[in-house]
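Report on the structure given below.
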Amino acid sequence: MGRVVLVTGLSRDIALRCARLLADQGDALGIDKVVGVDVTPPREDLGGVKFVRADIRTPVIAKVIAVEDVDTVVHLDLGPSHGRGAAKELNVIGTMQLLAACQRVSHVTTFVLGSSTAVYGTSARSPALFTESSVARGGTNAGFPKDVCEVEGYVRGFARRRPDVRIVTLRSAQVLDAGAPLAAYFANPVLPTVAGYDPRLQFLHVHDALEVMRRAVVDEGVQGTFNVAGDGVVMLSQAVRRLGRPTVPFPPVGFGTAARTMLRAMGSDITPDLHRLLMHGRVVDTTALRTILGYAPAYTSAEAFSMFAAGLQPGLLSGRGAS
Amino acid sequence: MTDDHRDVPLGTSGRAGRGSQGGTTPSSAARSLAGGAARPPRRPGEPAAGTGAGRPRLHAVPDDATAEPPPTSHHSGPQEPPPTGLPLDEVLTAVVAAAQRVLGDDWEARLARMLATLRRRLSGDYEVDDFGHDPEVAELLVQVLEPLAEKWFRLEVRGVHNIPAEGGALLVGNHSGTVPIDGLITSYAVHRYAQRTLRPLAADLVFALPFVGETARKFGATLACTEDAERLLGRGELAAVWPEGFKGVGKPFSERYKLQRFGRGGFVSSAMRAQVPIVPVSIVGAEEIYPLVGNLPSLARLLGLPYLPITPFFPWLGLLGLVPLPSKWIIEFGEPVRTDAYAPEAADDPMLLFNVTDQVRETIQQTLYGLLVDRGGAFF
């Protein structure tokens with residue numbers, strides 16, 4: 001009998017691609033069925049994925065797990081959102097319900113959490129590179145970083161209560177796909193920046209993100225927490241120059257309001273927790289990913305960024321840089 | 001007790017300056033370090049140097065150090081004698097030389113190269129490392145610092161041979177001067193005289209400040225924390241730390257050249273885990289650049305600063321008060337203290353860490369006394 005994988009947050013692009021990858025390679029990976037849940041059905045083609053309309057914030061999810069005989073849960077329904085209340089509800093309460101359901105069902109043997117490097121926060125007191133054992137030194141008291149910290153806390157609690165379940169936590173850098181806060185930010189024609197700060201940013205290519213998820217699901221020997229990010233860093237100043245987009249520096253005090261007003265005038269928006277990231281940045285160490293999970297990302301941060309940039313409209317200043 | 005040695009702190013056995021005085025024999029600091037617990041404690045009468053000739057394993061890192069004293073100055077060119085007063089004519093020639101350097105004979109090729117670099121910079125086509133170190137910006141900053149260090153501060157660098165030519169090392173210096181310019185000048189000296197890139201470890205305040213933190217990262221600095229220090233040293237980089245921190249930079253002018261507590265000895269444990277030598281760096285001259293005569297602690301607390309300085313010229317003269325006074329500087333890189341005689345696990349022995357910390361601190365303090373005598377007047 002093959003495995004049954006449940007993927008949450010199927011309307012998110014990365015979750016759908018992950019579910020489709022697992023379904024497409026199901027025969028080779030020993031996976032019988034991939035079930036995806038979300039409150040809204042995804043717009044794209046589902047392929048071999050079975051979609052179940054269920055809200056993970058309700059006990060319905062326990063029934064889905066029991067009925068479908070799920071043994072592997074891939075929780076990807078985490079993300080920043082513009083509506084703060086709704087995002088928190090989904091991130092934290094959704095995870096709690098999902099874990100409560102998993103704890104009751106004895107046939108769940110694997111839990112993969114698609115977490116974020118936001119768990120390390122961002123501050124001037126942060127070390128240059130975070131390892132998996134580093135703790136956040138600021139910047140996790142609000143917004144998405146706070147949610148991620150709480151979600152990981154609940155997953156650790158679940159790990160204590162169900163030591164027989166294999167738990168893999170993947171702390172990913174931002175994948176620049178539709179819906180990622182930084183992708184939305186970089187798509188604006190003029191970019192607000194914090195005057196006097198040049199953060200170091202890291203990106204992850206979607207190919208690497210999917211491959212790491214696949215290994216986390218399939219490789220029975222893998223357990224623990226892993227940072228997932230492309231090699232190297234891209235400075236924000238470097239990124240905007242490569243995009244050829246002009247910047248407007250705002251003072252750090254009042255940046256949030258000013259940037260939000262400016263971006264809304266351009267028909268876009270900015271999540272509040274991006275403010276701190278644009279000041280101090282965040283870089284993680286991926287040694288554990290290479291040595292324990294045995295995977296080296298195929299794309300560096302700079303390559304992932306340039307592939308993202310190639311899909312954007314050329315910037316106002318890009319004629320100057322291109323030869 | 002030893003009343004005749006009142007001037008010299010206990011523990012030096014009456015011999016001031018355990019730095020690279022002779023060259024062939026290791027200093028008492030290095031010997032007692034490498035000997036570890038096996039060696040009996042030194043008797044007070046025993047001389048501090050001269051008994052370690054038959055211990056090649058315990059030699060300081062540059063084994064080929066010659067018997068002659070290390071060159072005291074690495075200046076090249078005609079300005080060899082110690083300058084008396086401000087060398088105004090030299091400042092003038094430097095300005096002329098700088099102008100010629102920019103618009104020299106091959107100015108056309110230079111201009112083309114500059115434009116190409118500018119174009120590359122503007123299109124974002126350059127590399128930075130994980131810490132944010134941008135070698136091109138750092139190189140530019142070193143060139144900006146050159147006239148400040150050489151002409152304004154008349155910097156003299158000693159003991160460059162004590163900086164390892166390759167591999168990791170931790171430079172440990174005294175901190176002073178109200179504004180930590182000594183870190184910049186030390187980085188300049190290492191870059192210019194040892195042809196290596198120094199990675200300073202700076203306080204978190206540096207990275208919280210706008211523009212300062214941004215520039216510091218591009219210059220190669222990173223946060224002074226165990227993780228970053230060990231990562232840099234593990235990569236074979238040359239890291240530098242000023243363990244006195246704000247206690248050293250913000251101390252009153254009346255306490256100049258009196259070393260404060262050397263942190264909690266975290267730098268020793270980092271060096272020991274990475275198995276790299278500790279190079280004591282004694283910096284003379286930084287104390288006089290902004291003589292701190294007063295402090296406004298309550299206003300400083302309000303602004304989130306460790307201290308708010310009052311100098312004879314700041315804030316009275318406004319921006320003009322921010323010009324550092326032209327003191328004479330000497331930076332001496334001392335004999336490396338080896339940590340590879342210990343296992344990396346020795347970093348978990350707090351008593352050993354305290355001992356090594358004290359030895360490094362004492363070495364720097366004694367070297368400072370010697371350098372102060374050598375320097376004579378602070379400004380002329």
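Scheme for the structure tokens: letters A, B, ... for chains in order shown; per-chain residue numbers from 1; ligand numbers from 1 in order shown.
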
9 Å contacts from chain A to chain B using only C-alpha atoms, as JSON, numbers by chain: {"A": [123, 124, 125, 126, 127, 128, 129, 130, 131, 134, 194, 195, 196, 197, 198, 199, 200, 231, 232, 233, 234, 235, 237, 238, 239, 240, 241, 242, 243, 244, 252, 280, 283, 318, 320, 321, 322]}

As number ranges by chain, please: every residue in region 43-219 of chain A that DSSP puts in strand (DSSP E). A: 50-53, 72-75, 110-116, 166-172, 174-175, 191-194, 200-201, 203-204

Could you dump the residues just selected with N, CA and C atoms as a compact mmCIF listing (two decimals), in the first residue's frame?
```
# COMPACT_ATOMS: atom_id res chain seq x y z
N LYS A 50 -6.19 15.25 -5.76
CA LYS A 50 -7.60 15.25 -5.38
C LYS A 50 -7.84 16.46 -4.49
N PHE A 51 -8.75 17.34 -4.91
CA PHE A 51 -9.03 18.54 -4.12
C PHE A 51 -10.21 18.31 -3.19
N VAL A 52 -10.04 18.62 -1.93
CA VAL A 52 -11.14 18.56 -0.97
C VAL A 52 -11.30 19.95 -0.40
N ARG A 53 -12.52 20.45 -0.50
CA ARG A 53 -12.76 21.79 0.01
C ARG A 53 -12.96 21.71 1.52
N THR A 72 0.82 11.27 5.62
CA THR A 72 1.82 12.33 5.53
C THR A 72 1.10 13.66 5.34
N VAL A 73 1.40 14.62 6.21
CA VAL A 73 0.78 15.94 6.12
C VAL A 73 1.86 16.94 5.73
N VAL A 74 1.63 17.66 4.64
CA VAL A 74 2.53 18.73 4.23
C VAL A 74 1.79 20.03 4.45
N HIS A 75 2.21 20.77 5.47
CA HIS A 75 1.48 21.98 5.86
C HIS A 75 2.14 23.20 5.21
N THR A 110 4.19 11.25 9.26
CA THR A 110 5.13 12.27 8.79
C THR A 110 4.42 13.61 8.75
N PHE A 111 5.11 14.64 9.26
CA PHE A 111 4.56 15.98 9.21
C PHE A 111 5.64 16.91 8.67
N VAL A 112 5.36 17.54 7.54
CA VAL A 112 6.32 18.48 6.94
C VAL A 112 5.74 19.88 7.07
N LEU A 113 6.50 20.77 7.71
CA LEU A 113 6.02 22.15 7.90
C LEU A 113 6.79 23.07 6.95
N GLY A 114 6.06 23.75 6.10
CA GLY A 114 6.69 24.74 5.21
C GLY A 114 6.79 26.07 5.94
N SER A 115 7.81 26.21 6.76
CA SER A 115 7.99 27.41 7.56
C SER A 115 8.78 28.44 6.75
N SER A 116 9.22 29.48 7.43
CA SER A 116 9.89 30.58 6.74
C SER A 116 11.08 31.05 7.57
N ARG A 166 7.53 11.59 12.33
CA ARG A 166 8.71 12.22 11.76
C ARG A 166 8.35 13.64 11.35
N ILE A 167 9.06 14.62 11.91
CA ILE A 167 8.71 16.01 11.64
C ILE A 167 9.87 16.70 10.93
N VAL A 168 9.59 17.32 9.81
CA VAL A 168 10.59 18.08 9.07
C VAL A 168 10.09 19.51 8.98
N THR A 169 10.87 20.44 9.49
CA THR A 169 10.53 21.86 9.38
C THR A 169 11.47 22.50 8.37
N LEU A 170 10.90 23.05 7.32
CA LEU A 170 11.72 23.68 6.27
C LEU A 170 11.56 25.19 6.39
N ARG A 171 12.64 25.85 6.80
CA ARG A 171 12.60 27.31 6.92
C ARG A 171 13.12 27.90 5.62
N SER A 172 12.20 28.29 4.76
CA SER A 172 12.59 28.71 3.41
C SER A 172 12.75 30.22 3.34
N GLN A 174 12.49 33.60 0.85
CA GLN A 174 11.34 33.93 0.01
C GLN A 174 11.50 33.39 -1.40
N VAL A 175 10.47 32.69 -1.85
CA VAL A 175 10.38 32.30 -3.25
C VAL A 175 9.66 33.43 -3.97
N LEU A 191 10.54 52.26 -6.16
CA LEU A 191 10.58 51.49 -4.93
C LEU A 191 10.94 52.36 -3.74
N PRO A 192 10.13 52.34 -2.68
CA PRO A 192 10.52 53.04 -1.46
C PRO A 192 11.57 52.23 -0.70
N THR A 193 12.61 52.89 -0.23
CA THR A 193 13.62 52.21 0.59
C THR A 193 13.81 53.00 1.87
N VAL A 194 14.48 52.37 2.83
CA VAL A 194 14.78 53.05 4.10
C VAL A 194 16.13 53.74 3.93
N ARG A 200 20.71 42.87 3.39
CA ARG A 200 21.12 41.70 2.61
C ARG A 200 19.91 40.78 2.51
N LEU A 201 19.56 40.39 1.30
CA LEU A 201 18.38 39.55 1.08
C LEU A 201 18.82 38.22 0.48
N PHE A 203 17.15 34.74 -1.63
CA PHE A 203 15.99 34.24 -2.36
C PHE A 203 16.16 32.75 -2.62
N LEU A 204 15.04 32.13 -2.91
CA LEU A 204 15.03 30.70 -3.18
C LEU A 204 14.30 30.49 -4.50
```

I'd like to know which of A:Thr257, A:Thr58, A:Thr117, A:Thr286 is closest to Ile93 (chain A), using only C-alpha atoms. A:Thr58

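Here CA of Leu201 (chain B) is placed at a distance of 7.7 Å from CA of Trp242 (chain B).
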
Return as a PDB file with C-alpha atoms, in the first residue's frame the full set of residues in region 35-226 of chain A whose backbone-based DSSP assignment is alpha helix (DSSP H).
```pdb
ATOM      1  CA  VAL A  60     -13.555  19.177   9.434  1.00  0.00           C
ATOM      2  CA  ILE A  61      -9.884  18.680   8.689  1.00  0.00           C
ATOM      3  CA  ALA A  62      -9.781  15.781  11.198  1.00  0.00           C
ATOM      4  CA  LYS A  63     -12.488  14.019   9.200  1.00  0.00           C
ATOM      5  CA  VAL A  64     -10.596  14.536   5.953  1.00  0.00           C
ATOM      6  CA  ILE A  65      -7.451  13.012   7.470  1.00  0.00           C
ATOM      7  CA  ALA A  66      -9.395  10.042   8.819  1.00  0.00           C
ATOM      8  CA  VAL A  67     -11.484   9.398   5.709  1.00  0.00           C
ATOM      9  CA  GLU A  68      -8.619   9.698   3.241  1.00  0.00           C
ATOM     10  CA  ARG A  84      -3.603  41.005   9.551  1.00  0.00           C
ATOM     11  CA  GLY A  85      -6.453  39.429  11.458  1.00  0.00           C
ATOM     12  CA  ALA A  86      -7.290  36.955   8.727  1.00  0.00           C
ATOM     13  CA  ALA A  87      -3.646  35.942   8.268  1.00  0.00           C
ATOM     14  CA  LYS A  88      -3.163  35.277  11.945  1.00  0.00           C
ATOM     15  CA  GLY A  94      -5.240  26.700  11.267  1.00  0.00           C
ATOM     16  CA  THR A  95      -1.997  25.080  12.415  1.00  0.00           C
ATOM     17  CA  MET A  96      -3.433  24.367  15.862  1.00  0.00           C
ATOM     18  CA  GLN A  97      -6.503  22.624  14.408  1.00  0.00           C
ATOM     19  CA  LEU A  98      -4.399  20.679  11.950  1.00  0.00           C
ATOM     20  CA  LEU A  99      -2.009  19.500  14.663  1.00  0.00           C
ATOM     21  CA  ALA A 100      -4.904  18.615  16.942  1.00  0.00           C
ATOM     22  CA  ALA A 101      -6.351  16.480  14.152  1.00  0.00           C
ATOM     23  CA  CYS A 102      -2.991  14.830  13.446  1.00  0.00           C
ATOM     24  CA  GLN A 103      -2.422  14.012  17.103  1.00  0.00           C
ATOM     25  CA  ARG A 104      -5.658  12.011  17.263  1.00  0.00           C
ATOM     26  CA  GLY A 143       3.130  40.289  11.968  1.00  0.00           C
ATOM     27  CA  PHE A 144       4.111  37.227  10.010  1.00  0.00           C
ATOM     28  CA  PRO A 145       7.395  36.571  11.908  1.00  0.00           C
ATOM     29  CA  LYS A 146       5.405  36.335  15.144  1.00  0.00           C
ATOM     30  CA  ASP A 147       2.947  33.919  13.523  1.00  0.00           C
ATOM     31  CA  VAL A 148       5.767  31.714  12.282  1.00  0.00           C
ATOM     32  CA  CYS A 149       7.375  31.625  15.726  1.00  0.00           C
ATOM     33  CA  GLU A 150       4.088  30.574  17.276  1.00  0.00           C
ATOM     34  CA  VAL A 151       3.396  27.978  14.599  1.00  0.00           C
ATOM     35  CA  GLU A 152       6.833  26.424  15.082  1.00  0.00           C
ATOM     36  CA  GLY A 153       6.207  26.422  18.811  1.00  0.00           C
ATOM     37  CA  TYR A 154       3.011  24.441  18.328  1.00  0.00           C
ATOM     38  CA  VAL A 155       4.764  22.008  16.020  1.00  0.00           C
ATOM     39  CA  ARG A 156       7.455  21.466  18.658  1.00  0.00           C
ATOM     40  CA  GLY A 157       4.709  20.775  21.162  1.00  0.00           C
ATOM     41  CA  PHE A 158       3.187  18.262  18.761  1.00  0.00           C
ATOM     42  CA  ALA A 159       6.599  16.632  18.380  1.00  0.00           C
ATOM     43  CA  ARG A 160       6.801  16.160  22.137  1.00  0.00           C
ATOM     44  CA  ARG A 161       3.360  14.589  22.332  1.00  0.00           C
ATOM     45  CA  PRO A 181       5.592  40.095  -0.411  1.00  0.00           C
ATOM     46  CA  LEU A 182       9.000  40.896  -1.879  1.00  0.00           C
ATOM     47  CA  ALA A 183       7.877  39.927  -5.370  1.00  0.00           C
ATOM     48  CA  ALA A 184       4.975  42.347  -5.102  1.00  0.00           C
ATOM     49  CA  TYR A 185       7.347  44.976  -3.767  1.00  0.00           C
ATOM     50  CA  PHE A 186       9.887  44.626  -6.581  1.00  0.00           C
ATOM     51  CA  VAL A 206      10.970  27.474  -6.843  1.00  0.00           C
ATOM     52  CA  HIS A 207      12.798  24.468  -8.312  1.00  0.00           C
ATOM     53  CA  ASP A 208      14.919  24.176  -5.172  1.00  0.00           C
ATOM     54  CA  ALA A 209      11.939  24.758  -2.894  1.00  0.00           C
ATOM     55  CA  LEU A 210       9.992  21.916  -4.541  1.00  0.00           C
ATOM     56  CA  GLU A 211      12.930  19.561  -4.591  1.00  0.00           C
ATOM     57  CA  VAL A 212      13.563  20.057  -0.873  1.00  0.00           C
ATOM     58  CA  MET A 213       9.874  19.455  -0.125  1.00  0.00           C
ATOM     59  CA  ARG A 214       9.904  16.299  -2.206  1.00  0.00           C
ATOM     60  CA  ARG A 215      12.926  14.983  -0.335  1.00  0.00           C
ATOM     61  CA  ALA A 216      11.393  15.892   3.011  1.00  0.00           C
ATOM     62  CA  VAL A 217       8.284  13.868   2.146  1.00  0.00           C
ATOM     63  CA  VAL A 218      10.001  10.908   0.550  1.00  0.00           C
TER      64      VAL A 218
END
```

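Taking CA of Pro309 (chain B) and CA of Pro297 (chain B) as the two end points, the separation is 8.9 Å.
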
Residues near Gly321 (chain B), cut-off 10 Å, only C-alpha atoms, skip fewer than 5 positions along chain, as number ranges by chain: B: 290, 310-316

Expected file: the selected residues, C-alpha atoms, as a compact mmCIF listing (two decimals), in the first residue's frame:
```txt
# COMPACT_ATOMS: atom_id res chain seq x y z
CA TYR B 290 38.21 63.66 20.69
CA ILE B 310 31.28 66.65 25.36
CA THR B 311 34.74 67.50 24.08
CA PRO B 312 36.55 70.85 24.22
CA PHE B 313 35.19 71.49 20.71
CA PHE B 314 31.93 69.56 20.58
CA PRO B 315 29.16 70.61 20.62
CA TRP B 316 30.46 74.17 21.02
```
